[in-house]
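Undergrad: Got a file for you: query_31.tsv, TSV, C-alpha atoms.
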chain	number	residue	atom	x	y	z
Q	1	MET	CA	-7.24	42.61	17.21
Q	2	PHE	CA	-6.01	39.04	17.45
Q	3	ASP	CA	-9.52	37.78	18.14
Q	4	SER	CA	-10.76	39.59	15.05
Q	5	ASP	CA	-8.00	38.07	12.92
Q	6	GLY	CA	-8.80	34.64	14.34
Q	7	GLN	CA	-12.47	35.02	13.54
Q	8	HIS	CA	-11.68	36.12	9.98
Q	9	LEU	CA	-9.37	33.10	9.58
Q	10	LYS	CA	-12.05	30.72	10.85
Q	11	ALA	CA	-14.61	32.30	8.52
Q	12	ASP	CA	-12.25	31.96	5.56
Q	13	ASN	CA	-11.52	28.33	6.42
Q	14	LYS	CA	-15.25	27.63	6.72
Q	15	LYS	CA	-15.91	29.22	3.33
Q	16	LYS	CA	-13.07	27.22	1.77
Q	17	PHE	CA	-14.40	24.00	3.29
Q	18	LEU	CA	-17.91	24.70	1.99
Q	19	PHE	CA	-16.57	25.55	-1.47
Q	20	ASP	CA	-14.43	22.39	-1.60
Q	21	SER	CA	-17.38	20.28	-0.43
Q	22	LEU	CA	-19.65	21.80	-3.06
Q	23	LEU	CA	-17.07	21.28	-5.79
Q	24	PHE	CA	-16.54	17.68	-4.71
Q	25	SER	CA	-20.30	17.04	-4.72
Q	26	ILE	CA	-20.62	18.49	-8.21
Q	27	ILE	CA	-17.79	16.32	-9.54
Q	28	VAL	CA	-19.23	13.16	-7.95
Q	29	SER	CA	-22.70	14.00	-9.27
Q	30	CYS	CA	-21.36	14.53	-12.80
Q	31	PHE	CA	-19.47	11.23	-12.62
Q	32	CYS	CA	-22.56	9.37	-11.41
Q	33	TYR	CA	-24.70	10.96	-14.14
Q	34	LEU	CA	-22.24	10.05	-16.90
Q	35	LEU	CA	-21.97	6.52	-15.51
Q	36	TYR	CA	-25.75	6.20	-15.42
Q	37	LYS	CA	-26.18	7.47	-18.98
Q	38	GLY	CA	-23.38	5.22	-20.22
Q	39	THR	CA	-24.80	2.07	-18.66
Q	40	GLU	CA	-28.31	3.06	-19.77
Q	41	SER	CA	-27.14	3.25	-23.38
Q	42	LEU	CA	-25.64	-0.22	-22.97
Q	43	GLY	CA	-28.89	-1.55	-21.57
Q	44	TYR	CA	-27.17	-2.51	-18.32
Q	45	ASN	CA	-29.41	-3.64	-15.47
Q	46	TRP	CA	-28.04	-2.59	-12.08
Q	47	GLN	CA	-28.39	-5.25	-9.38
Q	48	TRP	CA	-26.75	-3.79	-6.29
Q	49	PHE	CA	-29.05	-5.84	-4.04
Q	50	ARG	CA	-27.02	-8.96	-4.93
Q	51	VAL	CA	-23.66	-7.52	-3.84
Q	52	PRO	CA	-24.01	-7.93	-0.02
Q	53	GLY	CA	-24.36	-11.68	-0.49
Q	54	PHE	CA	-20.85	-11.80	-1.96
Q	55	LEU	CA	-19.49	-9.98	1.09
Q	56	PHE	CA	-21.11	-11.91	3.92
Q	57	SER	CA	-24.23	-13.75	4.97
Q	58	PHE	CA	-25.83	-15.17	8.12
Q	59	ASN	CA	-26.95	-18.75	8.58
Q	60	GLU	CA	-28.92	-19.35	11.77
Q	61	GLY	CA	-27.21	-16.36	13.37
Q	62	GLU	CA	-23.72	-17.50	12.30
Q	63	PHE	CA	-21.61	-15.01	10.33
Q	64	ILE	CA	-20.36	-16.50	7.06
Q	65	PRO	CA	-17.80	-14.50	5.04
Q	66	GLY	CA	-18.51	-14.30	1.33
Q	67	PRO	CA	-15.98	-14.75	-1.47
Q	68	LEU	CA	-15.01	-11.06	-1.47
Q	69	LEU	CA	-14.16	-11.12	2.24
Q	70	GLU	CA	-12.29	-14.40	1.76
Q	71	GLY	CA	-10.31	-12.72	-1.02
Q	72	LEU	CA	-9.72	-9.68	1.19
Q	73	LYS	CA	-8.27	-11.95	3.86
Q	74	VAL	CA	-5.76	-13.38	1.36
Q	75	THR	CA	-4.89	-9.87	0.15
Q	76	LEU	CA	-4.24	-8.67	3.71
Q	77	GLU	CA	-2.12	-11.74	4.49
Q	78	ILE	CA	0.02	-11.25	1.38
Q	79	THR	CA	0.30	-7.50	1.99
Q	80	GLY	CA	1.20	-7.88	5.67
Q	81	LEU	CA	3.91	-10.47	5.11
Q	82	SER	CA	5.27	-8.59	2.11
Q	83	PHE	CA	5.48	-5.33	4.06
Q	84	VAL	CA	7.53	-6.96	6.82
Q	85	LEU	CA	9.91	-8.49	4.28
Q	86	THR	CA	9.98	-5.20	2.33
Q	87	PHE	CA	11.09	-3.40	5.50
Q	88	VAL	CA	13.85	-5.95	6.15
Q	89	ILE	CA	15.05	-6.08	2.54
Q	90	GLY	CA	14.91	-2.31	2.13
Q	91	LEU	CA	16.84	-1.58	5.32
Q	92	GLY	CA	19.38	-4.34	4.64
Q	93	THR	CA	20.00	-3.14	1.09
Q	94	ALA	CA	20.38	0.47	2.23
Q	95	ILE	CA	22.96	-0.52	4.85
Q	96	MET	CA	24.83	-2.61	2.26
Q	97	ARG	CA	25.00	0.37	-0.10
Q	98	LEU	CA	26.31	2.60	2.70
Q	99	SER	CA	28.86	0.05	3.94
Q	100	GLY	CA	32.55	0.12	3.14
Q	101	SER	CA	32.47	-3.33	1.54
Q	102	PHE	CA	32.86	-3.37	-2.24
Q	103	THR	CA	31.11	-6.77	-2.46
Q	104	ALA	CA	28.11	-5.58	-0.43
Q	105	LYS	CA	27.80	-2.41	-2.51
Q	106	ALA	CA	28.06	-4.38	-5.77
Q	107	LEU	CA	25.44	-6.95	-4.75
Q	108	ALA	CA	23.05	-4.22	-3.60
Q	109	ARG	CA	23.55	-2.28	-6.83
Q	110	ILE	CA	22.96	-5.36	-9.01
Q	111	TYR	CA	19.78	-6.18	-7.09
Q	112	LEU	CA	18.46	-2.63	-7.44
Q	113	GLU	CA	19.20	-2.37	-11.14
Q	114	ILE	CA	17.56	-5.71	-11.97
Q	115	ILE	CA	14.44	-5.11	-9.87
Q	116	ARG	CA	13.84	-1.46	-10.75
Q	117	ASN	CA	14.36	-1.97	-14.48
Q	118	THR	CA	12.05	-4.95	-15.02
Q	119	PRO	CA	8.24	-5.07	-14.65
Q	120	LEU	CA	6.74	-6.53	-11.48
Q	121	LEU	CA	4.55	-8.85	-13.54
Q	122	ILE	CA	7.60	-10.40	-15.22
Q	123	GLN	CA	9.30	-10.85	-11.85
Q	124	LEU	CA	6.16	-12.48	-10.47
Q	125	PHE	CA	5.97	-14.90	-13.40
Q	126	PHE	CA	9.69	-15.72	-13.11
Q	127	ILE	CA	9.50	-16.51	-9.39
Q	128	TYR	CA	6.21	-18.43	-9.74
Q	129	PHE	CA	7.05	-20.51	-12.81
Q	130	VAL	CA	10.85	-20.87	-12.49
Q	131	VAL	CA	12.03	-20.35	-8.91
Q	132	ALA	CA	9.05	-21.74	-6.98
Q	133	PRO	CA	9.15	-25.26	-8.52
Q	134	ILE	CA	12.91	-25.46	-7.89
Q	135	VAL	CA	12.81	-24.48	-4.21
Q	136	GLY	CA	9.42	-26.10	-3.57
Q	137	ILE	CA	7.24	-23.17	-2.50
Q	138	ASP	CA	3.59	-22.58	-3.37
Q	139	GLY	CA	2.03	-19.68	-5.24
Q	140	PHE	CA	1.22	-17.77	-2.06
Q	141	TRP	CA	4.84	-17.53	-0.94
Q	142	ALA	CA	6.04	-16.96	-4.49
Q	143	SER	CA	3.74	-13.92	-4.61
Q	144	VAL	CA	4.97	-12.67	-1.22
Q	145	ILE	CA	8.62	-12.99	-2.27
Q	146	ALA	CA	8.04	-11.27	-5.63
Q	147	LEU	CA	6.22	-8.33	-4.04
Q	148	SER	CA	8.81	-8.05	-1.25
Q	149	LEU	CA	11.75	-7.97	-3.63
Q	150	PHE	CA	10.07	-5.41	-5.87
Q	151	GLU	CA	8.93	-3.04	-3.12
Q	152	GLY	CA	12.13	-3.59	-1.14
Q	153	ALA	CA	14.19	-2.08	-3.96
Q	154	TYR	CA	12.27	1.17	-3.72
Q	155	ALA	CA	12.11	1.09	0.09
Q	156	SER	CA	15.92	0.78	0.19
Q	157	GLU	CA	16.29	4.17	-1.49
Q	158	ILE	CA	13.90	5.67	1.04
Q	159	PHE	CA	15.95	4.22	3.91
Q	160	ARG	CA	19.22	5.34	2.34
Q	161	ALA	CA	17.96	8.88	1.86
Q	162	GLY	CA	16.77	9.02	5.47
Q	163	ILE	CA	20.06	7.69	6.85
Q	164	THR	CA	22.24	10.03	4.78
Q	165	SER	CA	20.10	13.00	5.84
Q	166	ILE	CA	21.32	12.62	9.43
Q	167	ASP	CA	24.18	14.98	10.25
Q	168	ARG	CA	27.64	13.43	10.36
Q	169	GLY	CA	28.09	14.77	13.88
Q	170	GLN	CA	25.49	12.26	15.12
Q	171	TRP	CA	27.75	9.42	14.00
Q	172	GLU	CA	30.71	11.00	15.76
Q	173	ALA	CA	28.64	11.46	18.91
Q	174	ALA	CA	27.67	7.76	18.88
Q	175	PHE	CA	31.29	6.67	18.39
Q	176	SER	CA	32.47	9.03	21.12
Q	177	LEU	CA	30.24	7.13	23.54
Q	178	GLY	CA	32.22	4.00	22.75
Q	179	GLY	CA	29.63	2.47	20.47
Q	180	ASP	CA	30.28	0.64	17.25
Q	181	LYS	CA	28.43	1.01	13.94
Q	182	LYS	CA	25.59	-1.26	15.09
Q	183	PHE	CA	25.16	0.84	18.23
Q	184	ALA	CA	25.11	4.03	16.15
Q	185	TYR	CA	22.47	2.65	13.76
Q	186	MET	CA	20.17	1.23	16.43
Q	187	ASN	CA	20.36	3.97	19.06
Q	188	VAL	CA	21.19	7.19	17.23
Q	189	ILE	CA	20.74	7.17	13.46
Q	190	LEU	CA	17.61	5.09	12.78
Q	191	PRO	CA	15.50	6.66	15.58
Q	192	GLN	CA	16.14	10.05	13.96
Q	193	ALA	CA	15.70	8.78	10.41
Q	194	VAL	CA	12.39	6.96	10.93
Q	195	PRO	CA	10.22	10.11	11.28
Q	196	ARG	CA	11.77	11.46	8.08
Q	197	ILE	CA	11.20	8.33	6.03
Q	198	ALA	CA	7.76	7.52	7.46
Q	199	PRO	CA	5.71	9.51	4.86
Q	200	PRO	CA	7.39	8.02	1.76
Q	201	LEU	CA	7.43	4.60	3.42
Q	202	ALA	CA	3.69	4.91	4.02
Q	203	GLY	CA	3.28	5.68	0.33
Q	204	GLN	CA	5.27	2.55	-0.49
Q	205	ALA	CA	3.01	0.48	1.77
Q	206	ILE	CA	-0.04	1.82	-0.08
Q	207	ALA	CA	1.61	0.98	-3.40
Q	208	LEU	CA	2.18	-2.53	-2.07
Q	209	VAL	CA	-1.55	-2.96	-1.37
Q	210	LYS	CA	-2.40	-1.92	-4.93
Q	211	ASP	CA	0.39	-3.97	-6.52
Q	212	SER	CA	-0.82	-7.06	-4.66
Q	213	ALA	CA	-3.73	-7.22	-7.14
Q	214	LEU	CA	-1.26	-8.65	-9.66
Q	215	VAL	CA	-1.05	-11.93	-7.74
Q	216	SER	CA	-4.41	-12.82	-9.29
Q	217	THR	CA	-2.49	-13.52	-12.52
Q	218	VAL	CA	-0.89	-16.59	-10.91
Q	219	ALA	CA	-4.19	-18.06	-9.68
Q	220	ILE	CA	-4.02	-16.67	-6.13
Q	221	TYR	CA	-7.59	-16.10	-4.99
Q	222	ASP	CA	-7.10	-12.65	-3.56
Q	223	LEU	CA	-9.69	-9.87	-3.66
Q	224	THR	CA	-9.17	-9.15	-7.37
Q	225	MET	CA	-9.29	-12.80	-8.39
Q	226	GLN	CA	-12.46	-13.37	-6.37
Q	227	GLY	CA	-14.03	-10.37	-8.09
Q	228	GLN	CA	-13.14	-11.76	-11.52
Q	229	SER	CA	-14.58	-15.15	-10.56
Q	230	ILE	CA	-17.87	-13.61	-9.39
Q	231	ILE	CA	-18.19	-11.52	-12.55
Q	232	SER	CA	-17.63	-14.55	-14.77
Q	233	GLU	CA	-20.53	-16.30	-13.03
Q	234	THR	CA	-22.98	-13.42	-12.52
Q	235	PHE	CA	-22.03	-10.75	-15.12
Q	236	LEU	CA	-22.35	-8.08	-12.39
Q	237	THR	CA	-19.40	-6.23	-13.91
Q	238	PHE	CA	-19.94	-2.70	-12.65
Q	239	GLU	CA	-21.29	-3.61	-9.22
Q	240	ILE	CA	-18.46	-6.00	-8.35
Q	241	TRP	CA	-15.63	-3.86	-9.70
Q	242	PHE	CA	-16.96	-0.79	-7.89
Q	243	THR	CA	-17.20	-2.82	-4.69
Q	244	VAL	CA	-13.67	-4.18	-5.10
Q	245	ALA	CA	-12.34	-0.67	-5.80
Q	246	ALA	CA	-14.14	0.68	-2.71
Q	247	ILE	CA	-12.56	-2.05	-0.55
Q	248	TYR	CA	-9.07	-1.26	-1.86
Q	249	LEU	CA	-9.69	2.46	-1.29
Q	250	SER	CA	-10.83	1.81	2.29
Q	251	ILE	CA	-7.72	-0.25	3.00
Q	252	THR	CA	-5.31	2.34	1.62
Q	253	LEU	CA	-7.00	5.24	3.42
Q	254	LEU	CA	-7.00	3.34	6.73
Q	255	LEU	CA	-3.37	2.28	6.26
Q	256	SER	CA	-2.34	5.85	5.47
Q	257	TRP	CA	-4.10	7.14	8.59
Q	258	VAL	CA	-2.54	4.47	10.84
Q	259	LEU	CA	1.00	5.02	9.53
Q	260	ASP	CA	0.72	8.82	9.75
Q	261	ASN	CA	-0.43	8.62	13.38
Q	262	ALA	CA	2.29	6.11	14.22
Q	263	ALA	CA	4.93	8.38	12.67
Q	264	ARG	CA	3.70	11.42	14.63
Q	265	LYS	CA	3.68	9.43	17.87
Q	266	PHE	CA	7.18	8.10	17.24
Q	267	LYS	CA	8.43	11.61	16.43
Q	268	SER	CA	6.94	13.07	19.61
Q	269	GLU	CA	8.60	10.38	21.73
Q	270	TRP	CA	11.97	11.11	20.21
Please render this file's structure as structure tokens.
TA:
Amino acid sequence: MFDSDGQHLKADNKKKFLFDSLLFSIIVSCFCYLLYKGTESLGYNWQWFRVPGFLFSFNEGEFIPGPLLEGLKVTLEITGLSFVLTFVIGLGTAIMRLSGSFTAKALARIYLEIIRNTPLLIQLFFIYFVVAPIVGIDGFWASVIALSLFEGAYASEIFRAGITSIDRGQWEAAFSLGGDKKFAYMNVILPQAVPRIAPPLAGQAIALVKDSALVSTVAIYDLTMQGQSIISETFLTFEIWFTVAAIYLSITLLLSWVLDNAARKFKSEW
């Protein structure tokens, strides 16, 4: 009986997979057809054969990264540094909001209200044109700081929700062992909270990758800026933007997979 039920379930799952695959293929085909007809009416001449040269090339067997890969490198550097700072700012702000200090709570609240109620682009311009010349930092670090402050405000709410979701008895258990608040956070509360906040935190990391495209507005030659530069020289509008979009999609899918696996591994260990 159980074998029969299992076989029926596998058959149903197989049918569902085939149906979803067929539906996806139809949607992609319709999109490609509409794109083709649209560009045909514009008289657009597709030149995909030129795109690989903007990604990489070989000179006497030596690998030479193209402008798109150079831009990708800058994007990954900005995203990586910003994510580390986002983690630190988010966790620090969450702890400040949960502390018993009125000053810490007030500062955290002011920071959150300012950041969450103003556009990222305005914050980026303010830090780049006003703060950076005063403190003497370049556009790269101005972009990292702007992204970190913006994403950190949202990450702090994720951390706070994860911390407050832990039962109060866990705090009492940590204190009963003779530990202080730092001991409770590091050894009891955060290890239990991390698996709960990992999915939304992964979503925030993906949002950070996409938001990093805005640094092109302050003359940072990231992936988006390199794409714009190539298009202005070659007029390969569709080919380059599709390639740039595919690179961003690959990064976000890979990042999502890595963070999901890391969260599952961490959860299994704890």
Undergrad: Smallest atom-to-atom distance to Q:Gly38: which of Q:Val88, Q:Phe238, Q:Arg196, Q:Lys181, using all atoms listed in the file?
TA: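 Under the stated criterion, the closest residue is Q:Phe238.
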Undergrad: Which is closer to Q:Leu124 than all the others in Q:Trp46, Q:Glu239, Q:Val215, Q:Thr75, using only C-alpha atoms?
TA: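 Answer, going by the shortest atom-to-atom distance: Q:Val215.
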Undergrad: From the set Q:Ala219, Q:Leu91, Q:Ile230, Q:Ala106, which residue has the shortest atom-to-atom contact distance to Q:Val194, counting all atoms listed in the file?
TA: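 Looking at the shortest contact to Q:Val194, the residue is Q:Leu91.
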Undergrad: Please indicate the distance in Å from atom CA of Q:Val51 to atom CA of Q:Gly71, rounded to one decimal place.
TA: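 Pair atom CA of Q:Val51 / atom CA of Q:Gly71 returns 14.6 Å.
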Undergrad: Take atom CA of Q:Leu147 and atom CA of Q:Ile115 and report the distance between them in Å, one decimal.
TA: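 Atom CA of Q:Ile115 lies 10.6 Å from atom CA of Q:Leu147.
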Undergrad: Interatomic distance between atom CA of Q:Phe83 and atom CA of Q:Ala262?
TA: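 Separation between atom CA of Q:Phe83 and atom CA of Q:Ala262: 15.6 Å.
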Undergrad: Would you place a box with edges along x, y and z of the file around all atoms of stretch 180-183 of chain Q listed there, add 8 Å to each of its six sides, and report the centre and edge lengths in Å to one decimal, as AutoDock Vina command-line options?
TA:
--center_x 27.7 --center_y -0.1 --center_z 16.1 --size_x 21.1 --size_y 18.3 --size_z 20.3
Undergrad: When distances are computed from all atoms listed in the file, which of Q:Ser29, Q:Thr217, Q:Asn117, Q:Gln228 shows the smallest separation from Q:Phe129?
TA: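 Checking each candidate against Q:Phe129, we get Q:Thr217 as the closest.
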Undergrad: Using only C-alpha atoms for the distances, tell me which of Q:Gly152, Q:Gly178, Q:Ala207, Q:Leu72 is nearest to Q:Ile247.
TA: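 Looking at the shortest contact to Q:Ile247, the residue is Q:Leu72.
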Undergrad: Restricting the calculation to only C-alpha atoms: of Q:Arg116, Q:Leu69, Q:Thr86, Q:Ile137, which residue gets closest to Q:Pro52?
TA: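 With only C-alpha atoms as the atom set, the closest residue is Q:Leu69.
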Undergrad: Taking 5 positions as the minimum chain separation for residues in the same chain, which residues sit within 10 Å of Q:Leu249 when counting only C-alpha atoms? Answer as a ChimeraX atom specification.
TA: /Q:206,209-210,243-244,254-255
Undergrad: Skipping near chain neighbours, those fewer than 5 positions away, what residues fall within 12 Å of Q:Gly53 using only C-alpha atoms, listed as a list in words?
TA: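 What passes the distance filter is Gln47, Trp48, Phe58, Asn59, Phe63, Ile64, Pro65, Gly66, Pro67, Leu68, Leu69, Ile230 and Ile240 of chain Q.
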Undergrad: Can you tell me, as a PyMOL selection string, what residues are no more than 8 Å from Q:Ile78 when counting all atoms listed in the file, ignoring any on the same chain fewer than 2 positions away?
TA: chain Q and resi 74-76+80-82+140+143-144+212
